[in-house]
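start-v4.json (JSON, C-alpha atoms and all ligand atoms)
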[["chain", "number", "residue", "atom", "x", "y", "z"],
["A", 1, "MET", "CA", 0.00, 0.00, 0.00],
["A", 2, "THR", "CA", 1.58, 3.27, -1.09],
["A", 3, "LEU", "CA", 0.65, 6.22, 1.01],
["A", 4, "SER", "CA", -0.11, 9.75, 0.13],
["A", 5, "ARG", "CA", 2.37, 12.49, 0.70],
["A", 6, "ARG", "CA", 1.60, 15.04, 3.34],
["A", 7, "THR", "CA", 3.17, 18.17, 4.56],
["A", 8, "LEU", "CA", 6.00, 17.08, 6.77],
["A", 9, "GLY", "CA", 6.89, 20.37, 8.35],
["A", 10, "GLY", "CA", 5.98, 18.90, 11.69],
["A", 11, "ALA", "CA", 6.58, 15.27, 11.08],
["A", 12, "ALA", "CA", 10.20, 15.63, 10.14],
["A", 13, "LEU", "CA", 11.05, 17.30, 13.41],
["A", 14, "GLY", "CA", 12.35, 13.94, 14.38],
["A", 15, "PHE", "CA", 15.46, 12.73, 12.73],
["A", 16, "LEU", "CA", 17.05, 10.37, 10.35],
["A", 17, "CYS", "CA", 19.18, 8.13, 12.39],
["A", 18, "CYS", "CA", 22.32, 8.18, 10.37],
["A", 19, "ARG", "CA", 22.02, 11.87, 9.83],
["A", 20, "THR", "CA", 20.84, 12.84, 13.27],
["A", 21, "ALA", "CA", 21.34, 16.38, 14.39],
["A", 22, "ILE", "CA", 20.15, 17.52, 17.76],
["A", 23, "ALA", "CA", 20.89, 21.07, 16.70],
["A", 24, "ARG", "CA", 18.63, 20.52, 13.72],
["A", 25, "GLU", "CA", 15.82, 19.47, 15.98],
["A", 26, "ALA", "CA", 16.38, 22.46, 18.21],
["A", 27, "SER", "CA", 16.01, 24.75, 15.24],
["A", 28, "PHE", "CA", 12.88, 22.91, 14.11],
["A", 29, "SER", "CA", 14.01, 22.56, 10.54],
["A", 30, "CYS", "CA", 13.24, 19.49, 8.45],
["A", 31, "ASP", "CA", 15.85, 16.96, 7.52],
["A", 32, "PRO", "CA", 16.40, 17.57, 3.82],
["A", 33, "LEU", "CA", 17.02, 13.89, 3.21],
["A", 34, "PHE", "CA", 13.63, 12.77, 4.42],
["A", 35, "ASP", "CA", 10.67, 14.23, 2.60],
["A", 36, "GLY", "CA", 8.05, 11.68, 3.55],
["A", 37, "THR", "CA", 7.36, 10.55, 0.02],
["A", 38, "ASP", "CA", 7.17, 6.93, -0.96],
["A", 39, "LEU", "CA", 6.07, 5.70, 2.43],
["A", 40, "THR", "CA", 4.60, 2.26, 2.75],
["A", 41, "ALA", "CA", 2.93, 0.71, 5.74],
["A", 42, "LEU", "CA", 4.23, -2.66, 6.83],
["A", 43, "VAL", "CA", 0.69, -3.90, 6.75],
["A", 44, "ASP", "CA", -2.65, -2.21, 6.76],
["A", 45, "ARG", "CA", -4.48, -1.21, 9.90],
["A", 46, "ALA", "CA", -6.70, -4.23, 9.88],
["A", 47, "THR", "CA", -3.75, -6.59, 9.74],
["A", 48, "VAL", "CA", -2.00, -4.89, 12.61],
["A", 49, "SER", "CA", -5.13, -5.03, 14.71],
["A", 50, "ARG", "CA", -5.51, -8.71, 14.07],
["A", 51, "PHE", "CA", -1.85, -9.26, 14.76],
["A", 52, "ALA", "CA", -2.37, -12.68, 16.23],
["A", 53, "GLY", "CA", -3.67, -13.87, 12.90],
["A", 54, "GLY", "CA", -0.82, -12.26, 11.03],
["A", 55, "THR", "CA", -0.25, -12.11, 7.32],
["A", 56, "ASP", "CA", 0.76, -14.71, 4.79],
["A", 57, "ASN", "CA", 4.31, -13.43, 4.79],
["A", 58, "ASP", "CA", 6.75, -14.81, 7.38],
["A", 59, "TYR", "CA", 9.01, -11.80, 7.18],
["A", 60, "GLU", "CA", 6.11, -9.45, 7.84],
["A", 61, "ASN", "CA", 4.81, -11.60, 10.65],
["A", 62, "SER", "CA", 8.21, -11.74, 12.30],
["A", 63, "LEU", "CA", 8.75, -8.02, 12.06],
["A", 64, "ILE", "CA", 5.29, -7.24, 13.37],
["A", 65, "TRP", "CA", 5.93, -9.55, 16.30],
["A", 66, "VAL", "CA", 9.21, -7.79, 17.04],
["A", 67, "LEU", "CA", 7.64, -4.35, 16.86],
["A", 68, "VAL", "CA", 4.72, -5.27, 19.08],
["A", 69, "SER", "CA", 6.98, -6.94, 21.63],
["A", 70, "LEU", "CA", 9.29, -3.92, 21.73],
["A", 71, "ALA", "CA", 6.35, -1.57, 22.22],
["A", 72, "ASP", "CA", 4.91, -3.73, 24.99],
["A", 73, "TYR", "CA", 8.19, -4.24, 26.77],
["A", 74, "LEU", "CA", 9.32, -0.62, 26.69],
["A", 75, "GLY", "CA", 5.87, 0.83, 27.36],
["A", 76, "ILE", "CA", 5.66, 2.85, 24.18],
["A", 77, "ASN", "CA", 3.45, 3.02, 21.13],
["A", 78, "PHE", "CA", 4.52, 3.90, 17.61],
["A", 79, "ALA", "CA", 3.65, 3.62, 13.97],
["A", 80, "PHE", "CA", 5.94, 1.83, 11.56],
["A", 81, "GLY", "CA", 6.60, 2.01, 7.85],
["A", 82, "PHE", "CA", 9.14, 1.89, 5.06],
["A", 83, "TYR", "CA", 10.61, 4.64, 2.92],
["A", 84, "THR", "CA", 13.25, 4.88, 0.23],
["A", 85, "GLU", "CA", 16.45, 6.59, 1.25],
["A", 86, "ARG", "CA", 17.88, 9.35, -0.90],
["A", 87, "THR", "CA", 21.43, 8.22, -0.29],
["A", 88, "ILE", "CA", 22.84, 5.68, 2.14],
["A", 89, "PRO", "CA", 20.90, 2.87, 3.82],
["A", 90, "ASN", "CA", 19.15, 4.42, 6.75],
["A", 91, "ALA", "CA", 16.37, 4.33, 9.30],
["A", 92, "ALA", "CA", 14.39, 7.13, 10.79],
["A", 93, "TYR", "CA", 12.32, 8.16, 13.75],
["A", 94, "VAL", "CA", 9.93, 11.07, 13.53],
["A", 95, "ASP", "CA", 7.87, 12.56, 16.31],
["A", 96, "ASP", "CA", 4.52, 12.53, 14.63],
["A", 97, "ASN", "CA", 2.30, 10.06, 12.90],
["A", 98, "LEU", "CA", 2.39, 10.11, 9.12],
["A", 99, "ASP", "CA", -0.67, 9.70, 6.93],
["A", 100, "GLY", "CA", -1.57, 6.06, 6.52],
["A", 101, "LEU", "CA", 0.81, 4.69, 9.13],
["A", 102, "ALA", "CA", -1.22, 3.48, 12.05],
["A", 103, "PRO", "CA", 0.21, 3.19, 15.56],
["A", 104, "ILE", "CA", 0.62, -0.37, 16.68],
["A", 105, "LYS", "CA", -1.83, 0.20, 19.52],
["A", 106, "GLN", "CA", -4.53, 2.19, 17.87],
["A", 107, "ASN", "CA", -6.46, 3.04, 21.01],
["A", 108, "MET", "CA", -3.46, 4.61, 22.76],
["A", 109, "PRO", "CA", -1.48, 7.82, 22.20],
["A", 110, "SER", "CA", 1.42, 7.34, 19.82],
["A", 111, "ASP", "CA", 5.02, 8.16, 20.65],
["A", 112, "GLY", "CA", 5.99, 8.74, 17.03],
["A", 113, "THR", "CA", 6.88, 6.80, 13.92],
["A", 114, "ILE", "CA", 9.70, 4.40, 13.17],
["A", 115, "LEU", "CA", 10.74, 4.04, 9.55],
["A", 116, "PHE", "CA", 13.08, 1.57, 7.91],
["A", 117, "GLY", "CA", 14.67, 2.45, 4.63],
["A", 118, "ARG", "CA", 14.22, -0.12, 1.92],
["A", 119, "LYS", "CA", 17.93, 0.02, 1.14],
["A", 120, "LEU", "CA", 18.67, -0.67, 4.78],
["A", 121, "VAL", "CA", 16.45, -3.73, 4.77],
["A", 122, "LYS", "CA", 18.16, -5.10, 1.66],
["A", 123, "GLU", "CA", 21.61, -4.35, 3.00],
["A", 124, "THR", "CA", 20.78, -6.03, 6.29],
["A", 125, "GLN", "CA", 19.43, -9.07, 4.51],
["A", 126, "ARG", "CA", 22.67, -9.29, 2.58],
["A", 127, "VAL", "CA", 25.20, -8.90, 5.37],
["A", 128, "ALA", "CA", 23.61, -10.04, 8.62],
["A", 129, "HIS", "CA", 24.27, -13.51, 9.95],
["A", 130, "ASN", "CA", 20.85, -13.42, 11.56],
["A", 131, "PHE", "CA", 18.46, -11.15, 9.71],
["A", 132, "GLY", "CA", 15.80, -11.21, 12.41],
["A", 133, "ALA", "CA", 18.16, -10.23, 15.20],
["A", 134, "ALA", "CA", 19.72, -7.51, 13.07],
["A", 135, "MET", "CA", 16.31, -6.05, 12.26],
["A", 136, "THR", "CA", 15.41, -6.27, 15.93],
["A", 137, "ALA", "CA", 18.52, -4.29, 16.77],
["A", 138, "LEU", "CA", 17.63, -1.57, 14.30],
["A", 139, "ALA", "CA", 14.05, -1.39, 15.54],
["A", 140, "ALA", "CA", 15.12, -1.33, 19.19],
["A", 141, "HIS", "CA", 17.52, 1.53, 18.47],
["A", 142, "GLU", "CA", 14.68, 3.54, 16.95],
["A", 143, "ALA", "CA", 12.49, 2.64, 19.91],
["A", 144, "GLY", "CA", 15.20, 4.21, 22.04],
["A", 145, "HIS", "CA", 14.59, 7.48, 20.23],
["A", 146, "ALA", "CA", 10.88, 7.11, 20.90],
["A", 147, "LEU", "CA", 11.66, 6.75, 24.60],
["A", 148, "GLN", "CA", 13.81, 9.89, 24.47],
["A", 149, "LYS", "CA", 10.86, 11.73, 23.00],
["A", 150, "LYS", "CA", 8.30, 10.23, 25.37],
["A", 151, "TYR", "CA", 10.24, 11.28, 28.44],
["A", 152, "SER", "CA", 11.36, 14.67, 27.07],
["A", 153, "LEU", "CA", 15.04, 13.81, 27.33],
["A", 154, "ARG", "CA", 16.36, 15.55, 24.24],
["A", 155, "PRO", "CA", 17.22, 18.83, 25.98],
["A", 156, "VAL", "CA", 19.71, 16.86, 28.06],
["A", 157, "PHE", "CA", 21.62, 16.04, 24.91],
["A", 158, "MET", "CA", 21.25, 19.48, 23.43],
["A", 159, "HIS", "CA", 23.18, 20.87, 26.36],
["A", 160, "ALA", "CA", 25.90, 18.22, 26.30],
["A", 161, "SER", "CA", 29.04, 18.13, 24.22],
["A", 162, "PHE", "CA", 28.58, 15.99, 21.11],
["A", 163, "GLY", "CA", 24.93, 15.71, 22.04],
["A", 164, "SER", "CA", 23.96, 14.04, 18.76],
["A", 165, "VAL", "CA", 26.40, 11.22, 19.33],
["A", 166, "ARG", "CA", 25.30, 10.78, 22.93],
["A", 167, "ALA", "CA", 21.65, 10.60, 21.84],
["A", 168, "GLU", "CA", 22.54, 7.86, 19.38],
["A", 169, "LEU", "CA", 24.54, 5.90, 21.92],
["A", 170, "CYS", "CA", 21.64, 6.28, 24.33],
["A", 171, "ALA", "CA", 19.43, 4.59, 21.72],
["A", 172, "ASP", "CA", 22.04, 1.86, 21.34],
["A", 173, "PHE", "CA", 21.91, 1.29, 25.10],
["A", 174, "VAL", "CA", 18.17, 0.72, 24.75],
["A", 175, "CYS", "CA", 18.93, -1.63, 21.86],
["A", 176, "GLY", "CA", 21.02, -3.75, 24.23],
["A", 177, "TYR", "CA", 18.37, -3.54, 26.92],
["A", 178, "CYS", "CA", 15.91, -5.12, 24.51],
["A", 179, "ALA", "CA", 18.37, -7.88, 23.62],
["A", 180, "ALA", "CA", 18.43, -8.94, 27.26],
["A", 181, "TYR", "CA", 14.66, -9.15, 27.19],
["A", 182, "ARG", "CA", 14.64, -11.32, 24.08],
["A", 183, "GLU", "CA", 16.95, -13.78, 25.79],
["A", 184, "THR", "CA", 14.42, -14.23, 28.55],
["A", 185, "ILE", "CA", 11.78, -15.39, 26.10],
["A", 186, "GLN", "CA", 14.07, -17.08, 23.59],
["A", 187, "SER", "CA", 16.99, -18.79, 25.26],
["A", 188, "ASP", "CA", 18.96, -19.24, 22.03],
["A", 189, "TYR", "CA", 18.45, -15.67, 20.89],
["A", 190, "PRO", "CA", 21.73, -14.35, 19.42],
["A", 191, "SER", "CA", 22.06, -11.10, 21.39],
["A", 192, "SER", "CA", 25.55, -10.58, 20.05],
["A", 193, "ILE", "CA", 24.03, -9.92, 16.64],
["A", 194, "GLN", "CA", 22.48, -6.77, 18.06],
["A", 195, "ALA", "CA", 25.87, -5.45, 19.18],
["A", 196, "ILE", "CA", 27.41, -6.52, 15.89],
["A", 197, "THR", "CA", 24.70, -4.76, 13.92],
["A", 198, "GLN", "CA", 25.27, -1.48, 15.71],
["A", 199, "PHE", "CA", 29.05, -1.97, 15.50],
["A", 200, "ARG", "CA", 28.75, -2.41, 11.77],
["A", 201, "LYS", "CA", 26.71, 0.77, 11.42],
["A", 202, "GLY", "CA", 29.16, 2.78, 13.51],
["A", 203, "ASP", "CA", 31.29, 5.59, 12.17],
["A", 204, "LYS", "CA", 34.76, 4.60, 11.04],
["A", 205, "LYS", "CA", 36.16, 7.46, 13.05],
["A", 206, "PHE", "CA", 34.52, 9.85, 15.46],
["A", 207, "ILE", "CA", 32.17, 12.35, 13.81],
["A", 208, "PRO", "CA", 30.78, 15.10, 16.08],
["A", 209, "SER", "CA", 27.33, 14.89, 14.50],
["A", 210, "GLY", "CA", 27.51, 11.14, 13.87],
["A", 211, "HIS", "CA", 26.38, 7.97, 15.52],
["A", 212, "GLY", "CA", 29.48, 7.12, 17.49],
["A", 213, "THR", "CA", 32.28, 4.89, 16.43],
["A", 214, "SER", "CA", 31.76, 1.20, 15.96],
["A", 215, "LYS", "CA", 33.38, 0.43, 19.30],
["A", 216, "GLU", "CA", 31.35, 3.09, 21.10],
["A", 217, "ARG", "CA", 28.16, 1.69, 19.65],
["A", 218, "ALA", "CA", 28.91, -1.91, 20.50],
["A", 219, "ARG", "CA", 29.90, -0.91, 24.04],
["A", 220, "ALA", "CA", 26.64, 0.99, 24.48],
["A", 221, "VAL", "CA", 24.67, -2.07, 23.36],
["A", 222, "ASP", "CA", 26.63, -4.22, 25.80],
["A", 223, "ALA", "CA", 26.03, -1.79, 28.65],
["A", 224, "GLY", "CA", 22.30, -1.78, 27.95],
["A", 225, "TYR", "CA", 22.27, -5.54, 27.77],
["A", 226, "LEU", "CA", 23.95, -5.88, 31.15],
["A", 227, "TYR", "CA", 21.58, -3.36, 32.69],
["A", 228, "GLY", "CA", 18.61, -5.15, 31.14],
["A", 229, "ARG", "CA", 19.57, -8.46, 32.66],
["A", 230, "ASN", "CA", 19.28, -7.00, 36.15],
["A", 231, "HIS", "CA", 16.56, -4.40, 35.64],
["A", 232, "PRO", "CA", 13.99, -5.83, 33.26],
["A", 233, "SER", "CA", 10.64, -4.53, 32.09],
["A", 234, "ASP", "CA", 11.05, -0.82, 32.71],
["A", 235, "GLY", "CA", 11.49, 1.27, 29.59],
["A", 236, "LYS", "CA", 11.62, 4.52, 31.50],
["A", 237, "ALA", "CA", 14.32, 3.29, 33.87],
["A", 238, "ALA", "CA", 16.24, 1.94, 30.89],
["A", 239, "VAL", "CA", 16.31, 5.18, 28.98],
["A", 240, "LEU", "CA", 17.16, 7.17, 32.10],
["A", 241, "LYS", "CA", 20.06, 4.81, 32.76],
["A", 242, "ALA", "CA", 21.03, 5.14, 29.12],
["A", 243, "VAL", "CA", 21.16, 8.90, 29.49],
["A", 244, "GLU", "CA", 23.32, 8.58, 32.57],
["A", 245, "TYR", "CA", 25.62, 6.19, 30.73],
["A", 246, "THR", "CA", 25.99, 8.33, 27.63],
["A", 247, "LEU", "CA", 26.49, 11.60, 29.48],
["A", 248, "ALA", "CA", 29.35, 10.02, 31.41],
["A", 249, "LEU", "CA", 31.19, 8.97, 28.25],
["A", 250, "LYS", "CA", 34.38, 10.78, 27.34],
["A", 251, "LEU", "CA", 33.97, 11.40, 23.64],
["A", 301, "ZN", "ZN", 19.44, 6.80, 15.89]]
Would it be possible to restate this file's structure as structure tokens?
Ligand SMILES: [Zn+2]
Amino acid sequence: MTLSRRTLGGAALGFLCCRTAIAREASFSCDPLFDGTDLTALVDRATVSRFAGGTDNDYENSLIWVLVSLADYLGINFAFGFYTERTIPNAAYVDDNLDGLAPIKQNMPSDGTILFGRKLVKETQRVAHNFGAAMTALAAHEAGHALQKKYSLRPVFMHASFGSVRAELCADFVCGYCAAYRETIQSDYPSSIQAITQFRKGDKKFIPSGHGTSKERARAVDAGYLYGRNHPSDGKAAVLKAVEYTLALKL
């Protein structure tokens, strides 16, 4: 289902993950790389609402399951869709709901929209040793941004040095937190894939407006994982701990 374009002056106040800029958000300008065209819902509203029944597509079913479980575990709600990146493989989180993309829990307030780029999905399929775990890592990272928004934590990063990087590493911490959860319900879940996925998407060298280096990203996932093992089922506590962790980093 291809969705109609809408004015994204408000919607794009979130950010593209690989091009995140806290300063950009503070100035309320749109990310020029994300124009909201060519959006596609994962499934239609009816399919999401009858999640238990699922679709005929295993990939879609698996991804829906992951998204619903992340939302439940972290105590958030969000819409999800796909878009086509202008340049590099990417994912995005935006504050608002976009036309045609229904929140997972339709009777609850939404905490924004998570978007996967189609190039990112293809790249992940090609390189990941475990596609499902890699996609889970990417979704959990974006869910971390939704938590930042839900609990109004962005100003903390705006006032910190290299705030963009710290915000990204905070989301990676949440990514690790979710890996610990998955292990509790799937004993053979390959949590290391989540750290590897974020490592692979890390910057080759430190970029002040980037995502953090590969090592920084993998360490943040590990830290979140360790925290999650001892402090499960509390999305708010997780993101607050993630903030504490990232603000203490010497970048
Ligand atoms: Zn991000």
Kindly compile the residues surrounding ligand ZN 301 (chain A) within 12 Å, counting all atoms listed in the file, and format them as a ChimeraX atom specification. /A:14-22,90-94,114-116,137-148,164-175,198,201-202,209-212,217
Please provide the set of residues having any atom within 8 Å of segment 68-84 of chain A, restricted to all atoms listed in the file, with same-chain residues fewer than 6 positions apart removed, written as a PyMOL selection string. chain A and resi 36-42+97+101-105+108-119+140+143+146-147+150+178+233-236
I need every residue sitting at most 12 Å from the point (7.6, -12.9, 17.0) (coordinates as in the file, only C-alpha atoms considered), written as a ChimeraX atom specification. /A:51-52,54,58-70,132-133,136,182,185-186,189
Between A:Gly163, A:Gly176, A:Pro190, A:Pro208, which one has atoms that come closest to Gly228 of chain A, using all atoms listed in the file? A:Gly176
One number please: atom CA of His159 of chain A to atom CA of Leu226 of chain A, in Å, one decimal.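 Between atom CA of His159 of chain A and atom CA of Leu226 of chain A the gap is 27.2 Å.
Put simply, atom CA of Val243 of chain A is 28.2 Å away from atom CA of Val121 of chain A.
Taking atom CA of Met135 of chain A and atom CA of Val156 of chain A as the two end points, the separation is 28.0 Å.
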